[in-house]
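K.L.:
The structure under discussion is supplied below as structure tokens; questions concerning it will follow.
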Amino acid sequence: MLPAILLLQVAAAAPPSPATHDALSYDITLVPSDTGTHILGEVQTTWRLRSAGAVSALLDSSMRVVRVLVDGKPNTRLSRTMYGRSGADVVVPHEKEAGDTLSTRIRYHGFARAGVVPGPTRAGERGAAGGGSPATARFWLPVPDDPDDRATVRWSVQAPIADRVLASGELVGIDTLPYQHATWHYQLSHPVPVARLAVAAGPYVTVLRSAEACGGCVPVEVWSYRTDSAAAARAFRRADDIAGWFTRLLGPFPYARLVHAEAAIPDDAVSSAEMALYGQDAFAAAGPAETLIARETARQWLGIAVSPDSAAARQLFEGLPRYLAAMWQASAGGPSLAAAMHAIADSALGAEGGAWRGAWTLHELRGVMGDSAFASGLRALVAERREGTASLDQVARVMSDASGRDVGWVLRQAQGEVPALGWKVERKGGSYRLHLRSVGAGGVRMPGLRLLVEGKLVRADVAGPETAVALKGIRRPPTRVELDPAGTWLVRLQRED
């Protein structure tokens, strides 16, 4: 009987299981190593509790937690903050209720495996840069278990005295330290996606800066390592024009400035509020491509100032910067939008093509809405949801309002697999008819689907499980049906006997 009583007592004393809470603010102190990949961090997070459940933050197991404090209470010999560490979780129990605020301060250190990793530049100097990606956030920063959470942020980042530090927000001070180092302090009062926070430190020089009297334009700066300033100046020569184009399309720039910076990162580019980091390898030649610069510029509006609220919306928001970059490229004399989308169709159809699939969904939506209504909808989305998140339903409502009719079905239809249509040709009398059948459960809707039947353009308003269209001017049984590259629908075609 006694063991049973003890088990009941233990169960009664156990803290509530971890729950998802709302992070309100982050105060980040970061000390990258001058030699290896070691980083020391201390992060204070203010939470709004959604329940009595324990607070949980994700932090990679390569980072050793040294200390956890709650609400600023110090650890003493008689009283210490209890916390749990399991894999990538740091779990902090508390005695507060839903609606209360709670402060946690986590001190940690370790050898970074991803995210912000100190390391050499191509010229053999030292730098530390990274972040900007939900996939690597937990490798260097304790982040909420809600990947779409947003918070304000303060930074205190240490670097050698000769280096410069770049982080989101306003530079509010630089403290000189006695051992040839300095701590750079930034502060950003706008809530931004925590999983996209980024930072960079290194031997930077300012290559380009917008004219001070540019009349309402986006203040743009370009930073590079000293040895790559010429390549950076060439690559970013139209950075002002790109930012101006998106301002006209999407509305005022959501932040105080935009800094494009070279960084010792493995990615092509990562972005956070007010900054975009580009992998240093590109600077060995001509620098980053302008479409990449356009993509990360567009992400400041749609991806950071407005971010997805769930997994359902994430694919669309990953596609938005890519599609907007293709729109800018077409306007700047590059390939037409149709040609650009046709070029990435195979990527969108691939197993890892989620972001490109999102871009194609926007291409489909634009085809249904028309150019003007589509642009108005994007601008309205930024105005309404700025400094917050947007669900797929909210995007659908805003775009439908701009169109004057329901277009949300385009977004809902794109949530599943890429639609597939089986086709076959039947002869009736002296003419041929093309029969299209939706493969899989239910039907699909594709008004104005453009097909090439033996190279001849055929339009079909696909609706429901089956659609038939007369083939005029075709005298022999067709054996080849494919998508017209000028079309706006992404679909798999398969022949049926």
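Labels used: A, B, ... for chains in the order of the structure tokens, numbers from 1 for residues in each chain, and numbers from 1 for ligands as shown.
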Pick out the residues sitting within 6 Å of Asp27 of chain A, and hand them over as a PyMOL selection string; count only C-alpha atoms, and ignore anything fewer than 6 positions along from it in its own chain.
P.N.:
chain A and resi 43-44+153-154
K.L.:
Could you list, as a tab-separated table (two decimals) with C-alpha atoms, in the first residue's frame, every residue within 7 Å of Thr37 of chain A, counting only C-alpha atoms and ignoring same-chain residues fewer than 5 positions away?
P.N.:
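Dumped to result25.tsv:
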chain	number	residue	atom	x	y	z
A	111	PHE	CA	30.56	24.80	-29.99
A	112	ALA	CA	28.01	25.93	-32.56
A	117	VAL	CA	29.09	29.95	-36.22
A	118	PRO	CA	32.36	31.86	-35.70
A	119	GLY	CA	34.86	31.12	-38.45
K.L.:
Would you give me, as a ChimeraX atom specification, the residues in segment 285-315 of chain A that DSSP reads as helix (DSSP H, G or I)?
P.N.:
/A:290-299,311-315
K.L.:
Name the residues in contact with Val172 of chain A at a cut-off of 8 Å, using only C-alpha atoms, excluding same-chain residues fewer than 2 positions from it; report them as an mmCIF file with C-alpha atoms, in the first residue's frame.
P.N.:
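Written out: out-v4.cif:
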data_model
loop_
_atom_site.group_PDB
_atom_site.id
_atom_site.type_symbol
_atom_site.label_atom_id
_atom_site.label_comp_id
_atom_site.auth_asym_id
_atom_site.auth_seq_id
_atom_site.Cartn_x
_atom_site.Cartn_y
_atom_site.Cartn_z
ATOM 1 C CA GLU A 170 18.926 50.821 -34.007
ATOM 2 C CA ILE A 174 29.178 50.712 -28.270
ATOM 3 C CA HIS A 185 24.143 47.298 -28.482
ATOM 4 C CA TYR A 186 21.146 47.267 -30.831
ATOM 5 C CA GLN A 187 17.463 47.622 -30.039
#
K.L.:
Tell me which protein, DNA and RNA residues are within 10 Å of segment 244-253 of chain A, counting only C-alpha atoms, leaving out same-chain ones fewer than 2 positions away, and put them as a PyMOL selection string.
P.N.:
chain A and resi 216-219+238-242+255-258+274+294+297-298+300-302+305+324-325+327-328+331-332+375-383
K.L.:
Keeping only C-alpha atoms, write those residues as a PDB file, in the first residue's frame.
P.N.:
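Saved to again.pdb:
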ATOM      1  CA  GLY A 216      11.143  58.936 -48.855  1.00  0.00           C
ATOM      2  CA  CYS A 217      13.204  56.093 -50.272  1.00  0.00           C
ATOM      3  CA  VAL A 218      14.366  53.076 -48.299  1.00  0.00           C
ATOM      4  CA  PRO A 219      17.727  53.831 -46.585  1.00  0.00           C
ATOM      5  CA  ARG A 238      20.704  48.524 -58.194  1.00  0.00           C
ATOM      6  CA  ALA A 239      19.849  47.732 -54.559  1.00  0.00           C
ATOM      7  CA  ASP A 240      18.224  51.166 -54.157  1.00  0.00           C
ATOM      8  CA  ASP A 241      16.116  50.656 -57.282  1.00  0.00           C
ATOM      9  CA  ILE A 242      14.999  47.208 -56.103  1.00  0.00           C
ATOM     10  CA  TYR A 255      11.775  49.321 -40.863  1.00  0.00           C
ATOM     11  CA  ALA A 256      14.284  52.152 -40.439  1.00  0.00           C
ATOM     12  CA  ARG A 257      16.858  50.832 -42.906  1.00  0.00           C
ATOM     13  CA  LEU A 258      17.973  47.796 -44.914  1.00  0.00           C
ATOM     14  CA  GLU A 274      16.485  45.321 -41.495  1.00  0.00           C
ATOM     15  CA  ALA A 294      15.367  41.122 -54.848  1.00  0.00           C
ATOM     16  CA  THR A 297      14.493  42.606 -50.128  1.00  0.00           C
ATOM     17  CA  ALA A 298      10.905  41.463 -50.722  1.00  0.00           C
ATOM     18  CA  GLN A 300      11.336  42.312 -45.455  1.00  0.00           C
ATOM     19  CA  TRP A 301       7.659  43.026 -46.224  1.00  0.00           C
ATOM     20  CA  LEU A 302       6.236  39.535 -46.712  1.00  0.00           C
ATOM     21  CA  ALA A 305       7.091  42.321 -41.290  1.00  0.00           C
ATOM     22  CA  LEU A 324       8.008  38.884 -56.004  1.00  0.00           C
ATOM     23  CA  ALA A 325      11.640  38.646 -57.128  1.00  0.00           C
ATOM     24  CA  MET A 327       7.999  40.033 -60.800  1.00  0.00           C
ATOM     25  CA  TRP A 328      10.784  42.567 -60.230  1.00  0.00           C
ATOM     26  CA  SER A 331       9.844  44.612 -64.776  1.00  0.00           C
ATOM     27  CA  ALA A 332      13.610  45.280 -64.996  1.00  0.00           C
ATOM     28  CA  ALA A 375      -0.996  44.043 -56.483  1.00  0.00           C
ATOM     29  CA  SER A 376      -3.741  45.765 -54.487  1.00  0.00           C
ATOM     30  CA  GLY A 377      -4.257  42.609 -52.441  1.00  0.00           C
ATOM     31  CA  LEU A 378      -0.573  42.308 -51.567  1.00  0.00           C
ATOM     32  CA  ARG A 379      -0.438  45.933 -50.478  1.00  0.00           C
ATOM     33  CA  ALA A 380      -3.575  45.512 -48.363  1.00  0.00           C
ATOM     34  CA  LEU A 381      -2.147  42.369 -46.759  1.00  0.00           C
ATOM     35  CA  VAL A 382       0.983  44.241 -45.647  1.00  0.00           C
ATOM     36  CA  ALA A 383      -1.053  47.199 -44.360  1.00  0.00           C
TER      37      ALA A 383
END
K.L.:
From the list A:Arg138, A:His21, A:Ala128, A:Ala269, which residue is nearest Ser61 of chain A when using only C-alpha atoms?
P.N.:
A:Arg138
K.L.:
Using DSSP assignments from the backbone, pull out every residue in segment 29-216 of chain A that falls under strand (DSSP E) and give it to me as a ChimeraX atom specification.
P.N.:
/A:29-32,38-48,55-58,63-70,84-86,89-92,101-111,117-120,126-131,143-144,150-160,164-167,170-176,181-193,198-202,204-209
K.L.:
As a PyMOL selection string, please: the residues near Leu102 of chain A (cut-off 7 Å, only C-alpha atoms, same-chain neighbours under 6 positions excluded).
P.N.:
chain A and resi 46-48+71
K.L.:
For each of A:Gly367, A:Gly350, A:Gly72, A:Pro465, take the minimum atom-to-atom distance to Thr488 of chain A, counting only C-alpha atoms, then give the residue where this is smallest.
P.N.:
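Closest to Thr488 of chain A of all the choices is A:Gly367.
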K.L.:
Compare A:Gly464, A:Pro288, A:Ala230, A:Glu426 by their minimum atom-to-atom distance to Gly443 of chain A, counting only C-alpha atoms, and give me the closest one.
P.N.:
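The answer is A:Gly464, which sits nearest to Gly443 of chain A.
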K.L.:
Counting only C-alpha atoms, which of A:Ala338, A:Val270, A:Val199, A:Val55 gets nearest to Ser133 of chain A?
P.N.:
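Of A:Ala338, A:Val270, A:Val199, A:Val55, the one nearest Ser133 of chain A is A:Val270, counting only C-alpha atoms.
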